[in-house]
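Undergrad: Quick one, run29.txt (compact mmCIF, C-alpha atoms):
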# COMPACT_ATOMS: atom_id res chain seq x y z
CA MET A 1052 20.43 -7.92 -5.88
CA LYS A 1053 18.52 -4.76 -6.85
CA LYS A 1054 20.33 -2.36 -9.17
CA LYS A 1055 20.51 0.98 -7.37
CA PHE A 1056 19.92 4.20 -9.27
CA SER A 1057 19.04 7.86 -8.79
CA VAL A 1058 16.77 10.12 -10.81
CA LEU A 1059 17.68 13.69 -11.76
CA ILE A 1060 14.98 16.21 -12.69
CA LYS A 1061 16.29 19.43 -14.28
CA ASN A 1062 13.16 20.99 -15.77
CA LYS A 1063 9.52 21.47 -14.89
CA ILE A 1064 7.02 19.39 -16.83
CA ASN A 1065 5.15 21.18 -19.64
CA ASN A 1066 1.36 21.42 -19.54
CA TYR A 1067 -0.42 18.35 -20.91
CA ASN A 1068 -3.78 16.76 -21.73
CA LYS A 1069 -3.38 13.02 -21.58
CA LYS A 1070 -5.10 9.67 -20.99
CA ILE A 1071 -3.25 6.95 -19.06
CA ASN A 1072 -3.59 3.54 -17.42
CA ILE A 1073 -1.71 2.89 -14.21
CA ASP A 1074 -0.37 -0.28 -12.62
CA SER A 1075 -2.75 -2.70 -10.91
CA ASP A 1076 -3.65 -2.25 -7.27
CA LYS A 1077 -0.93 -3.59 -4.98
CA SER A 1078 -3.17 -4.38 -1.99
CA ILE A 1079 -5.65 -6.36 -4.09
CA SER A 1080 -2.83 -8.14 -5.94
CA HIS A 1081 -1.28 -9.43 -2.71
CA ARG A 1082 -4.64 -10.71 -1.50
CA CYS A 1083 -5.50 -12.40 -4.80
CA TYR A 1084 -2.33 -14.51 -4.83
CA LEU A 1085 -2.63 -15.45 -1.16
CA ILE A 1086 -6.29 -16.40 -1.39
CA ALA A 1087 -5.77 -18.23 -4.72
CA SER A 1088 -3.23 -20.44 -2.93
CA GLN A 1089 -6.04 -21.52 -0.57
CA CYS A 1090 -8.53 -22.24 -3.37
CA LEU A 1091 -9.03 -25.49 -5.28
CA GLY A 1092 -7.88 -25.41 -8.90
CA ILE A 1093 -6.04 -22.95 -11.11
CA SER A 1094 -6.77 -19.23 -10.63
CA LYS A 1095 -5.84 -16.70 -13.32
CA ILE A 1096 -4.54 -13.36 -12.03
CA LYS A 1097 -3.57 -10.38 -14.16
CA GLY A 1098 -2.22 -8.00 -11.56
CA LEU A 1099 0.73 -5.94 -10.41
CA ASN A 1100 4.18 -7.22 -11.36
CA SER A 1101 6.25 -5.34 -8.76
CA GLU A 1102 9.02 -6.33 -6.35
CA ASP A 1103 6.58 -6.53 -3.41
CA ILE A 1104 4.22 -8.82 -5.33
CA LYS A 1105 7.13 -10.97 -6.44
CA ALA A 1106 8.01 -11.36 -2.75
CA THR A 1107 4.53 -12.79 -2.11
CA ILE A 1108 4.70 -15.05 -5.17
CA ASN A 1109 8.17 -16.35 -4.25
CA GLY A 1110 6.99 -17.06 -0.71
CA LEU A 1111 4.07 -19.12 -2.00
CA LYS A 1112 6.35 -21.03 -4.35
CA LYS A 1113 8.62 -21.99 -1.44
CA LEU A 1114 5.55 -23.36 0.32
CA GLY A 1115 4.82 -25.61 -2.66
CA ILE A 1116 2.33 -23.53 -4.67
CA LYS A 1117 2.95 -23.78 -8.41
CA ILE A 1118 2.67 -20.37 -10.15
CA LYS A 1119 3.35 -19.97 -13.86
CA ARG A 1120 3.33 -16.69 -15.80
CA LYS A 1121 2.16 -16.51 -19.42
CA ASN A 1122 1.40 -13.38 -21.48
CA GLY A 1123 1.16 -11.17 -18.40
CA THR A 1124 -1.18 -13.52 -16.51
CA ASP A 1125 -0.20 -15.67 -13.54
CA TYR A 1126 -1.71 -19.14 -13.20
CA VAL A 1127 -1.86 -20.07 -9.52
CA HIS A 1128 -2.33 -23.78 -8.82
CA GLY A 1129 -4.25 -23.69 -5.55
CA MET A 1130 -4.09 -26.68 -3.22
CA GLY A 1131 -7.05 -25.79 -1.02
CA ILE A 1132 -7.18 -24.72 2.63
CA SER A 1133 -3.85 -25.38 4.39
CA GLY A 1134 -2.58 -27.07 1.23
CA PHE A 1135 1.07 -26.08 1.57
CA LYS A 1136 3.89 -28.61 1.36
CA LYS A 1137 6.44 -29.01 4.16
CA PHE A 1138 9.06 -26.27 4.18
CA THR A 1139 11.49 -25.36 6.95
CA GLY A 1140 13.68 -22.46 5.99
CA THR A 1141 13.70 -18.70 5.51
CA LEU A 1142 11.20 -16.50 3.65
CA ASN A 1143 12.79 -13.15 2.75
CA PHE A 1144 10.16 -10.55 1.88
CA GLU A 1145 12.66 -7.73 1.19
CA ASN A 1146 10.71 -4.42 1.55
CA SER A 1147 7.18 -5.85 1.61
CA GLY A 1148 5.44 -5.43 4.94
CA THR A 1149 2.17 -6.71 3.48
CA SER A 1150 3.88 -9.97 2.45
CA ALA A 1151 5.52 -10.49 5.84
CA ARG A 1152 2.37 -9.84 7.86
CA SER A 1153 0.14 -11.84 5.51
CA PHE A 1154 2.39 -14.89 5.66
CA LEU A 1155 2.50 -14.73 9.43
CA GLY A 1156 -1.29 -15.08 9.33
CA ILE A 1157 -1.24 -17.96 6.86
CA LEU A 1158 1.59 -19.73 8.74
CA THR A 1159 -0.32 -19.58 12.05
CA CYS A 1160 -1.83 -22.96 11.09
CA TYR A 1161 1.33 -24.34 9.46
CA PRO A 1162 3.01 -26.86 11.83
CA HIS A 1163 6.61 -26.29 10.73
CA GLN A 1164 9.14 -23.67 11.80
CA VAL A 1165 9.73 -20.89 9.27
CA THR A 1166 11.99 -17.83 9.57
CA ILE A 1167 10.58 -14.50 8.33
CA THR A 1168 13.01 -11.72 7.38
CA GLY A 1169 13.38 -8.71 5.08
CA ASP A 1170 15.57 -5.76 4.14
CA ALA A 1171 16.86 -3.07 6.52
CA SER A 1172 13.64 -1.07 6.25
CA LEU A 1173 11.37 -4.04 7.00
CA LYS A 1174 13.61 -5.14 9.89
CA SER A 1175 13.03 -1.75 11.53
CA ARG A 1176 9.24 -2.14 11.63
CA PRO A 1177 7.24 -3.49 14.62
CA PHE A 1178 5.56 -6.91 14.51
CA LYS A 1179 4.46 -7.61 18.07
CA ARG A 1180 1.17 -5.78 17.59
CA LEU A 1181 0.23 -8.49 15.05
CA THR A 1182 1.94 -11.55 16.51
CA ARG A 1183 0.17 -11.29 19.88
CA TYR A 1184 -3.10 -12.14 18.07
CA LEU A 1185 -1.51 -15.06 16.26
CA GLU A 1186 0.02 -16.40 19.47
CA ASN A 1187 -3.47 -16.40 21.00
CA ILE A 1188 -4.63 -18.57 18.09
CA GLY A 1189 -1.82 -21.04 18.84
CA ALA A 1190 1.30 -20.06 16.92
CA THR A 1191 4.72 -20.06 18.60
CA ILE A 1192 6.72 -16.98 17.63
CA ILE A 1193 10.32 -16.26 18.61
CA PHE A 1194 11.80 -12.78 18.19
CA PRO A 1195 15.48 -11.77 18.27
CA LYS A 1196 16.89 -11.25 21.77
CA ASN A 1197 17.14 -7.47 21.26
CA LYS A 1198 13.53 -7.17 22.47
CA LYS A 1199 12.53 -4.86 19.61
CA PHE A 1200 9.92 -7.35 18.37
CA SER A 1201 11.23 -6.99 14.84
CA LEU A 1202 12.51 -9.27 12.09
CA PRO A 1203 13.97 -11.80 11.67
CA LEU A 1204 11.53 -13.92 13.66
CA LYS A 1205 10.66 -17.61 13.74
CA ILE A 1206 7.08 -18.88 13.58
CA THR A 1207 5.81 -22.41 14.19
CA GLY A 1208 2.10 -22.76 13.59
CA THR A 1209 -0.39 -25.20 15.04
CA LYS A 1210 -2.79 -27.26 12.95
CA GLU A 1211 -4.80 -29.36 15.40
CA TRP A 1212 -5.01 -26.89 18.29
CA ALA A 1213 -5.70 -23.59 16.52
CA LEU A 1214 -8.37 -21.65 18.40
CA ALA A 1215 -11.14 -19.76 16.60
CA GLN A 1216 -12.00 -16.77 18.79
CA LYS A 1217 -12.95 -13.10 19.02
CA HIS A 1218 -10.24 -10.50 18.30
CA TYR A 1219 -10.44 -6.79 19.14
CA ILE A 1220 -8.19 -4.59 16.95
CA ASN A 1221 -7.68 -1.06 18.26
CA ILE A 1222 -4.88 -0.21 15.80
CA PRO A 1223 -6.04 0.99 12.35
CA SER A 1224 -4.38 -1.81 10.34
CA ALA A 1225 -5.90 -3.73 7.46
CA GLN A 1226 -2.80 -5.94 7.44
CA ILE A 1227 -3.48 -7.15 10.99
CA ALA A 1228 -7.14 -7.85 10.18
CA SER A 1229 -6.21 -9.68 6.96
CA ALA A 1230 -3.57 -11.81 8.70
CA ILE A 1231 -6.14 -12.92 11.28
CA ILE A 1232 -8.62 -13.70 8.48
CA TYR A 1233 -6.01 -15.88 6.71
CA ALA A 1234 -5.51 -17.79 9.96
CA GLY A 1235 -9.29 -17.96 10.46
CA LEU A 1236 -9.81 -19.56 7.04
CA GLN A 1237 -7.79 -22.54 8.30
CA THR A 1238 -9.20 -22.70 11.84
CA LYS A 1239 -12.14 -24.88 12.81
CA GLY A 1240 -15.05 -22.75 13.99
CA ILE A 1241 -15.87 -19.04 13.62
CA THR A 1242 -13.25 -16.31 13.92
CA GLU A 1243 -14.61 -12.87 14.77
CA ILE A 1244 -12.65 -9.66 14.19
CA ILE A 1245 -13.83 -6.36 15.67
CA GLU A 1246 -12.10 -3.25 14.29
CA THR A 1247 -12.55 0.19 15.82
CA SER A 1248 -11.33 1.91 12.62
CA GLU A 1249 -12.61 1.50 9.07
CA THR A 1250 -9.46 0.25 7.34
CA ARG A 1251 -9.25 -1.01 3.75
CA ASP A 1252 -11.45 -4.09 3.27
CA HIS A 1253 -10.14 -5.75 0.10
CA THR A 1254 -9.70 -9.13 1.81
CA GLN A 1255 -13.33 -9.20 2.96
CA ARG A 1256 -14.66 -8.08 -0.43
CA LEU A 1257 -12.65 -10.65 -2.36
CA LEU A 1258 -13.65 -13.50 -0.06
CA LYS A 1259 -17.30 -12.48 -0.19
CA SER A 1260 -17.19 -12.40 -4.02
CA LEU A 1261 -15.76 -15.95 -3.93
CA LYS A 1262 -18.70 -17.03 -1.75
CA ALA A 1263 -16.53 -17.82 1.25
CA ASN A 1264 -18.39 -18.19 4.54
CA ILE A 1265 -17.75 -14.61 5.65
CA SER A 1266 -19.96 -11.81 6.95
CA ILE A 1267 -19.20 -8.13 7.45
CA LYS A 1268 -21.38 -5.67 9.33
CA LYS A 1269 -21.05 -2.27 10.96
CA LYS A 1270 -22.12 -1.52 14.50
CA GLY A 1271 -21.59 2.09 15.48
CA ASN A 1272 -17.92 2.86 14.86
CA GLU A 1273 -17.01 -0.82 14.73
CA ARG A 1274 -16.63 -3.15 11.76
CA ILE A 1275 -17.28 -6.79 12.64
CA THR A 1276 -15.98 -9.56 10.35
CA LYS A 1277 -16.88 -13.20 10.95
CA VAL A 1278 -15.29 -16.03 8.99
CA LYS A 1279 -16.02 -19.74 9.27
CA GLY A 1280 -12.87 -21.77 8.72
CA GLN A 1281 -11.94 -24.97 6.92
CA ILE A 1282 -14.43 -24.44 4.08
CA GLU A 1283 -12.98 -24.92 0.61
CA MET A 1284 -13.13 -22.17 -2.05
CA GLN A 1285 -13.04 -22.49 -5.84
CA ASN A 1286 -10.54 -20.97 -8.27
CA PHE A 1287 -11.22 -17.62 -9.96
CA SER A 1288 -10.04 -15.33 -12.78
CA ILE A 1289 -9.44 -11.62 -12.24
CA LYS A 1290 -7.94 -8.57 -13.97
CA ILE A 1291 -7.05 -6.28 -11.09
CA PRO A 1292 -7.98 -2.58 -11.49
CA GLY A 1293 -5.58 0.33 -11.14
CA ASP A 1294 -4.14 1.35 -7.78
CA PRO A 1295 -5.70 4.55 -6.37
CA SER A 1296 -2.57 5.32 -4.34
CA SER A 1297 -0.52 5.17 -7.55
CA ALA A 1298 -3.10 7.33 -9.33
CA CYS A 1299 -2.83 9.92 -6.56
CA PHE A 1300 0.68 10.96 -7.65
CA PHE A 1301 -0.50 11.77 -11.18
CA ILE A 1302 -3.66 13.45 -9.90
CA ILE A 1303 -1.71 15.88 -7.73
CA GLN A 1304 0.87 16.49 -10.45
CA THR A 1305 -1.98 17.50 -12.76
CA LEU A 1306 -3.71 19.67 -10.15
CA LEU A 1307 -0.49 21.62 -9.57
CA LYS A 1308 0.43 22.01 -13.26
CA LYS A 1309 -1.39 24.89 -14.95
CA LYS A 1310 -3.48 24.31 -18.10
CA SER A 1311 -3.35 20.51 -17.77
CA SER A 1312 -5.81 17.64 -17.60
CA LEU A 1313 -5.59 13.88 -17.19
CA LEU A 1314 -7.92 10.90 -17.58
CA ILE A 1315 -6.88 7.82 -15.58
CA LYS A 1316 -8.74 4.70 -16.68
CA ASN A 1317 -10.13 1.84 -14.60
CA VAL A 1318 -9.03 2.72 -11.06
CA CYS A 1319 -10.20 1.08 -7.82
CA ILE A 1320 -12.27 3.68 -5.93
CA ASN A 1321 -13.05 1.60 -2.86
CA ASP A 1322 -14.33 4.01 -0.19
CA THR A 1323 -11.66 2.85 2.29
CA ARG A 1324 -8.97 3.87 -0.24
CA SER A 1325 -10.30 7.07 -1.79
CA GLY A 1326 -10.06 9.44 1.17
CA PHE A 1327 -7.45 11.42 -0.78
CA ILE A 1328 -10.10 12.42 -3.33
CA LYS A 1329 -12.28 13.88 -0.57
CA ILE A 1330 -9.28 15.70 0.93
CA LEU A 1331 -8.26 17.18 -2.41
CA LYS A 1332 -11.83 18.24 -3.25
CA LYS A 1333 -12.00 20.08 0.09
CA MET A 1334 -8.85 21.89 -1.08
CA GLY A 1335 -10.59 22.93 -4.32
CA ALA A 1336 -9.44 20.16 -6.66
CA ARG A 1337 -11.39 19.49 -9.85
CA ILE A 1338 -11.73 15.70 -9.90
CA GLU A 1339 -14.57 13.72 -11.49
CA ILE A 1340 -15.31 10.00 -11.20
CA LEU A 1341 -16.70 8.57 -14.46
CA ASN A 1342 -18.00 5.17 -15.63
CA LYS A 1343 -18.50 3.67 -12.17
CA LYS A 1344 -18.99 -0.10 -11.92
CA LYS A 1345 -18.66 -3.05 -9.52
CA TYR A 1346 -15.99 -5.72 -10.04
CA PHE A 1347 -15.26 -8.54 -7.56
CA GLY A 1348 -17.02 -6.47 -4.93
CA GLU A 1349 -14.83 -3.43 -5.62
CA ASP A 1350 -15.95 -0.02 -6.87
CA VAL A 1351 -14.06 0.87 -10.06
CA GLY A 1352 -14.15 3.98 -12.26
CA ASP A 1353 -12.23 6.47 -14.41
CA LEU A 1354 -10.75 9.60 -12.82
CA PHE A 1355 -10.73 12.90 -14.74
CA VAL A 1356 -8.55 15.68 -13.30
CA LYS A 1357 -7.98 19.32 -14.26
CA SER A 1358 -5.42 21.78 -12.93
CA SER A 1359 -6.76 23.71 -9.94
CA LYS A 1360 -5.93 26.46 -7.48
CA LEU A 1361 -5.70 24.72 -4.15
CA LYS A 1362 -6.33 26.11 -0.68
CA ALA A 1363 -5.00 24.84 2.64
CA ILE A 1364 -6.90 22.29 4.70
CA LYS A 1365 -7.35 21.27 8.30
CA CYS A 1366 -7.76 17.60 7.44
CA PRO A 1367 -10.67 15.79 9.12
CA THR A 1368 -9.25 12.93 11.20
CA ASP A 1369 -11.79 10.45 9.81
CA LEU A 1370 -10.17 10.81 6.37
CA ILE A 1371 -6.65 10.02 7.62
CA VAL A 1372 -7.12 6.23 7.81
CA LYS A 1373 -8.66 6.27 4.31
CA SER A 1374 -5.67 8.08 2.85
CA VAL A 1375 -2.75 7.13 5.09
CA ASP A 1376 -0.52 5.91 2.22
CA ASP A 1377 -1.31 9.03 0.19
CA LEU A 1378 -0.35 11.64 2.76
CA PRO A 1379 3.26 12.20 1.54
CA ILE A 1380 2.07 13.27 -1.91
CA ILE A 1381 -0.92 15.18 -0.47
CA TRP A 1382 1.61 17.21 1.51
CA ILE A 1383 3.27 18.17 -1.79
CA ALA A 1384 -0.12 19.60 -2.83
CA CYS A 1385 -0.31 21.45 0.50
CA ALA A 1386 3.12 22.97 -0.20
CA GLN A 1387 1.63 24.90 -3.13
CA ALA A 1388 -1.77 25.55 -1.53
CA LYS A 1389 -2.64 28.95 -0.14
CA GLY A 1390 -2.59 28.99 3.66
CA ARG A 1391 -1.61 26.67 6.48
CA SER A 1392 -2.52 22.96 6.29
CA TYR A 1393 -2.78 20.77 9.37
CA PHE A 1394 -2.92 16.96 9.76
CA ARG A 1395 -3.14 15.11 13.08
CA GLY A 1396 -3.67 11.48 14.07
CA ILE A 1397 -0.83 10.48 11.75
CA SER A 1398 1.63 8.73 14.10
CA GLU A 1399 1.15 5.51 12.06
CA LEU A 1400 3.28 7.14 9.34
CA ARG A 1401 6.32 6.90 11.59
CA LEU A 1402 6.09 3.09 11.30
CA LYS A 1403 6.02 2.81 7.49
CA GLU A 1404 8.95 2.01 5.17
CA SER A 1405 10.51 5.15 6.61
CA ASP A 1406 9.40 7.70 9.20
CA ARG A 1407 7.29 9.50 6.62
CA ILE A 1408 6.56 12.50 8.82
CA GLU A 1409 10.26 13.15 9.32
CA SER A 1410 11.21 12.28 5.72
CA MET A 1411 8.62 14.60 4.16
CA SER A 1412 9.28 17.43 6.61
CA LYS A 1413 12.96 17.38 5.60
CA SER A 1414 12.08 17.28 1.89
CA LEU A 1415 9.60 20.15 2.13
CA LYS A 1416 12.14 22.29 3.97
CA GLN A 1417 14.61 21.68 1.13
CA PHE A 1418 11.95 23.05 -1.24
CA GLY A 1419 11.66 26.13 0.96
CA ILE A 1420 8.41 25.11 2.66
CA LYS A 1421 8.13 25.67 6.40
CA THR A 1422 6.72 22.80 8.47
CA ARG A 1423 6.06 22.11 12.13
CA VAL A 1424 5.81 18.52 13.35
CA THR A 1425 4.93 16.64 16.52
CA GLN A 1426 4.86 12.91 17.14
CA ASP A 1427 1.30 12.80 15.76
CA SER A 1428 0.88 15.86 13.52
CA ILE A 1429 2.30 18.08 10.81
CA THR A 1430 1.60 21.69 9.87
CA ILE A 1431 2.57 22.84 6.36
CA TYR A 1432 2.84 26.52 5.45
CA GLY A 1433 1.93 26.62 1.77
CA ASN A 1434 3.39 28.92 -0.89
CA PRO A 1435 1.37 29.17 -4.14
CA LYS A 1436 4.31 30.97 -5.80
CA ILE A 1437 6.90 28.33 -5.01
CA ASN A 1438 9.58 28.27 -7.71
CA ILE A 1439 12.85 26.52 -6.89
CA LYS A 1440 16.05 27.56 -8.66
CA LYS A 1441 18.66 25.61 -6.73
CA ARG A 1442 20.01 22.04 -6.67
CA ILE A 1443 18.39 19.70 -4.15
CA LYS A 1444 19.53 16.20 -3.15
CA ILE A 1445 16.99 13.89 -1.49
CA SER A 1446 17.23 10.30 -0.24
CA SER A 1447 14.29 7.93 -0.69
CA ASN A 1448 15.13 6.28 2.66
CA LEU A 1449 14.14 2.94 1.01
CA ASP A 1450 10.58 4.31 0.79
CA HIS A 1451 8.83 4.22 -2.58
CA ARG A 1452 6.24 6.88 -1.67
CA ILE A 1453 8.89 9.34 -0.49
CA ALA A 1454 10.76 8.87 -3.79
CA MET A 1455 7.65 9.41 -5.95
CA ALA A 1456 6.36 12.36 -3.90
CA ASN A 1457 9.64 14.18 -4.35
CA PHE A 1458 9.68 13.34 -8.05
CA ILE A 1459 6.32 15.09 -8.44
CA ALA A 1460 7.66 18.06 -6.47
CA GLY A 1461 10.64 18.28 -8.79
CA THR A 1462 8.46 18.34 -11.91
CA VAL A 1463 6.18 21.17 -10.66
CA PHE A 1464 8.32 23.24 -8.25
CA GLY A 1465 11.40 23.57 -10.46
CA GLY A 1466 15.05 23.49 -9.51
CA GLU A 1467 17.45 20.62 -10.11
CA VAL A 1468 16.27 17.69 -7.99
CA LEU A 1469 18.32 14.52 -7.47
CA ILE A 1470 16.43 11.65 -5.79
CA GLN A 1471 18.70 8.87 -4.57
CA GLY A 1472 17.59 5.27 -4.10
CA PHE A 1473 14.84 5.53 -6.70
CA GLU A 1474 14.94 1.77 -7.34
CA THR A 1475 12.65 1.39 -4.32
CA VAL A 1476 9.75 2.57 -6.53
CA ASN A 1477 9.84 -0.82 -8.26
CA SER A 1478 8.41 -2.33 -5.09
CA SER A 1479 4.99 -0.83 -5.83
CA PHE A 1480 4.88 0.99 -9.18
CA PRO A 1481 7.39 -0.36 -11.74
CA ASN A 1482 5.86 1.65 -14.62
CA PHE A 1483 5.97 5.00 -12.79
CA LEU A 1484 8.83 6.49 -14.82
CA LYS A 1485 7.49 5.10 -18.10
CA ILE A 1486 4.13 6.80 -17.55
CA GLN A 1487 5.86 10.01 -16.43
CA LYS A 1488 7.78 10.04 -19.71
CA ASN A 1489 4.49 9.51 -21.57
CA ILE A 1490 2.94 12.65 -20.09
CA GLY A 1491 6.06 14.69 -20.80
CA ALA A 1492 8.26 14.62 -17.68
CA LYS A 1493 11.96 15.18 -18.37
CA PHE A 1494 14.45 13.31 -16.20
CA ALA A 1495 17.70 11.40 -16.33
CA ILE A 1496 18.55 8.08 -14.67
CA LYS A 1497 21.87 8.03 -12.84
CA LYS A 1498 23.27 4.57 -12.14
CA ASN A 1499 25.08 4.10 -8.85
Kindly present the structure from the file in structure tokens form.
TA:
Amino acid sequence: MKKKFSVLIKNKINNYNKKINIDSDKSISHRCYLIASQCLGISKIKGLNSEDIKATINGLKKLGIKIKRKNGTDYVHGMGISGFKKFTGTLNFENSGTSARSFLGILTCYPHQVTITGDASLKSRPFKRLTRYLENIGATIIFPKNKKFSLPLKITGTKEWALAQKHYINIPSAQIASAIIYAGLQTKGITEIIETSETRDHTQRLLKSLKANISIKKKGNERITKVKGQIEMQNFSIKIPGDPSSACFFIIQTLLKKKSSLLIKNVCINDTRSGFIKILKKMGARIEILNKKKYFGEDVGDLFVKSSKLKAIKCPTDLIVKSVDDLPIIWIACAQAKGRSYFRGISELRLKESDRIESMSKSLKQFGIKTRVTQDSITIYGNPKINIKKRIKISSNLDHRIAMANFIAGTVFGGEVLIQGFETVNSSFPNFLKIQKNIGAKFAIKKN
């Protein structure tokens, strides 16, 4: 059971000029372990060691994949396509939506009944928008009788009768596309996935770098992925670069803190993940990308940031899908920006670990920032002179990004800020507080 704790911030952070490394990318880490399980031989992965990634690793172990950790590197003994052993039981993915959706894809061609469940937050999230694709491929999926199409659910895959086909995805979700790809890797024939939004493409890039039989092309506003199934892949070794969504918290903290600068080394700057950089630059942020290179098909570089006076933004909708996980902390930047900021096309945030529109609106109001929200939008009335002098208590709502966004607010806006349920940050960024301490943040941990 996770040890619950709160974090108390009593003082603003002092100005700083630092160089840091952040934790490995969570999205790429998930995909590396899952794909390594489908390869032949032992893959070496030096990636994120968070609660969410442990959920993926533990799930693979239950399905018979041997994974051993030595000196910070995991050795994944892949058994090839559909190489899992027989398992009939429950896989509990706690708070990890990526794990749950990915395993549903992989289990689509697994002819044994498995129960998928998670914590209270994950049980509140919708799954029917993914499972309808997997049922078309041939999986049998049974939801609870409450008709909410949520967890826990039971899935029984099909091995002999899985159907390779064409799938149209109108929801901007890389997790849905990836789950279908995992099923397609095991399905005889060619699976085609047509996305109407340009979501993150780590799965496609990794498979292409491993010389899987996969093609990706753009046609107008569509991205078309084709994968030929039942073709074996070989093991690989990878050191996963830093997570841009984790870097974003430190970038905005630096932008808002006067007379400060920060160099963040070796960060993934995949175009489908770096929309937040474009948003912040439109707001006047001083951010440079240095030492660019390619690694396993991914763009990687160093990020250099200097404190900046930010202005409000009417965010272009095409940047929303490329920064959807970063919006809570971007809204902290908007709180101190001059003018009125507006974001629309963001209803997807209501289906995350928490309702992030509602959670952040409540937090901002506690910091004295006026907001106006609809089902699909938020308006933030910025105050460049914000300076809090009262005590504020905030709940993470089991959402790691809400917890970290409010931590950054506490270090730059002032006041005495207590963030409850901070243990949820370990799901994605276990070294967050350690790195904060390194750059000079002052806080106390309060055990529950």
Undergrad: Tell me, as a ChimeraX atom specification, which residues lie within 12 Å of Lys1344 of chain A, counting all atoms listed in the file; anything in the same chain fewer than 4 positions away does not count.
TA: /A:1292,1317-1321,1340,1348-1353
Undergrad: Can I get the selected residues back with C-alpha atoms, as a tab-separated table (two decimals), keeping the file's coordinate frame?
TA:
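Written out: again.tsv:
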chain	number	residue	atom	x	y	z
A	1292	PRO	CA	-7.98	-2.58	-11.49
A	1317	ASN	CA	-10.13	1.84	-14.60
A	1318	VAL	CA	-9.03	2.72	-11.06
A	1319	CYS	CA	-10.20	1.08	-7.82
A	1320	ILE	CA	-12.27	3.68	-5.93
A	1321	ASN	CA	-13.05	1.60	-2.86
A	1340	ILE	CA	-15.31	10.00	-11.20
A	1348	GLY	CA	-17.02	-6.47	-4.93
A	1349	GLU	CA	-14.83	-3.43	-5.62
A	1350	ASP	CA	-15.95	-0.02	-6.87
A	1351	VAL	CA	-14.06	0.87	-10.06
A	1352	GLY	CA	-14.15	3.98	-12.26
A	1353	ASP	CA	-12.23	6.47	-14.41
Undergrad: Considering only C-alpha atoms, return as a PyMOL selection string whatever protein or nucleic-acid residues lie within 7 Å of segment 1480-1491 of chain A, sequence-local ones (same chain, fewer than 5 positions apart) excluded.
TA: chain A and resi 1064-1065+1067+1069+1074+1101
Undergrad: Around the point (-2.0, -28.3, 7.7) in the file's coordinates, collect all residues with an atom within 6 Å, using only C-alpha atoms, and return them as a list in words.
TA: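 Protein, DNA and RNA residues close to (-2.0, -28.3, 7.7): Ser1133, Tyr1161 and Lys1210 of chain A.
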Undergrad: If we count only C-alpha atoms and set the cut-off at 12 Å, which residues sit around Leu1099 of chain A, ignoring sequence neighbours fewer than 5 positions away in its own chain? Please answer as a count of residues only.
TA: 33
Undergrad: Output, as lines of an AutoDock Vina configuration file, the centre and edge lengths in Å (one decimal) of the axis-aligned box that contains all listed atoms of segment 1174-1191 of chain A with 3 Å of margin on each side.
TA:
center_x = 4.5
center_y = -11.4
center_z = 15.4
size_x = 24.2
size_y = 25.3
size_z = 17.1
Undergrad: Measuring between only C-alpha atoms, which one of A:Gly1208, A:Gly1396, A:Pro1435, A:Pro1162 shows the shortest distance to Lys1362 of chain A?
TA: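 Looking only at the distances to Lys1362 of chain A, the closest residue turns out to be A:Pro1435.
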Undergrad: Using all atoms listed in the file, which residues sit within 10 Å of segment 1400-1405 of chain A once same-chain residues fewer than 2 positions away are excluded, as a PyMOL selection string?
TA: chain A and resi 1146-1148+1171-1177+1375-1376+1378-1379+1396-1398+1407-1411+1426-1428+1447-1453
Undergrad: Residues within 10 Å of (-4.6, -9.1, 5.6), file coordinates, counting only C-alpha atoms: what are they? Give the list as a PyMOL selection string.
TA: chain A and resi 1078+1081-1082+1085+1149-1150+1152-1157+1224-1234+1251-1255
Undergrad: As a PyMOL selection string, please: the residues near Gly1134 of chain A (cut-off 8 Å, only C-alpha atoms, same-chain neighbours under 5 positions excluded).
TA: chain A and resi 1088-1089+1129
Undergrad: One number please: atom CA of Gln1216 of chain A to atom CA of Thr1276 of chain A, in Å, one decimal.
TA: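 Separation between atom CA of Gln1216 of chain A and atom CA of Thr1276 of chain A: 11.8 Å.
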Undergrad: Hey, can you check how far atom CA of Met1284 of chain A sits from atom CA of Ile1244 of chain A?
TA: 20.5 Å
Undergrad: Let me make sure I understand: among A:Gly1419, A:Gly1433, A:Ser1414, A:Phe1200, which one has the smallest atom-to-atom distance to Gly1390 of chain A if we use all atoms listed in the file?
TA: A:Gly1433
Undergrad: Considering all atoms listed in the file, can you say which of A:Leu1111, A:Leu1415, A:Val1356, A:Ala1336 comes closest to Lys1316 of chain A?
TA: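 For Lys1316 of chain A, the nearest of the candidates is A:Val1356.
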Undergrad: Given the choices A:Leu1142, A:Cys1385, A:Ile1192, A:Leu1158, which gets closest to Gly1235 of chain A if the distance is worked out from all atoms listed in the file?
TA: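 Among the listed residues, the smallest separation from Gly1235 of chain A belongs to A:Leu1158.
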Undergrad: Would you work out the distance separating atom CA of Ile1315 of chain A from atom CA of Lys1365 of chain A, expressed in Å to one decimal?
TA: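 Calculated distance between atom CA of Ile1315 of chain A and atom CA of Lys1365 of chain A is 27.4 Å.
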Undergrad: Nearest to Thr1425 of chain A among A:Lys1095, A:Lys1217, A:Arg1395, A:Lys1270, with distances taken over all atoms listed in the file: which residue is it?
TA: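 When distances to Thr1425 of chain A are compared using all atoms listed in the file, the smallest one comes from A:Arg1395.
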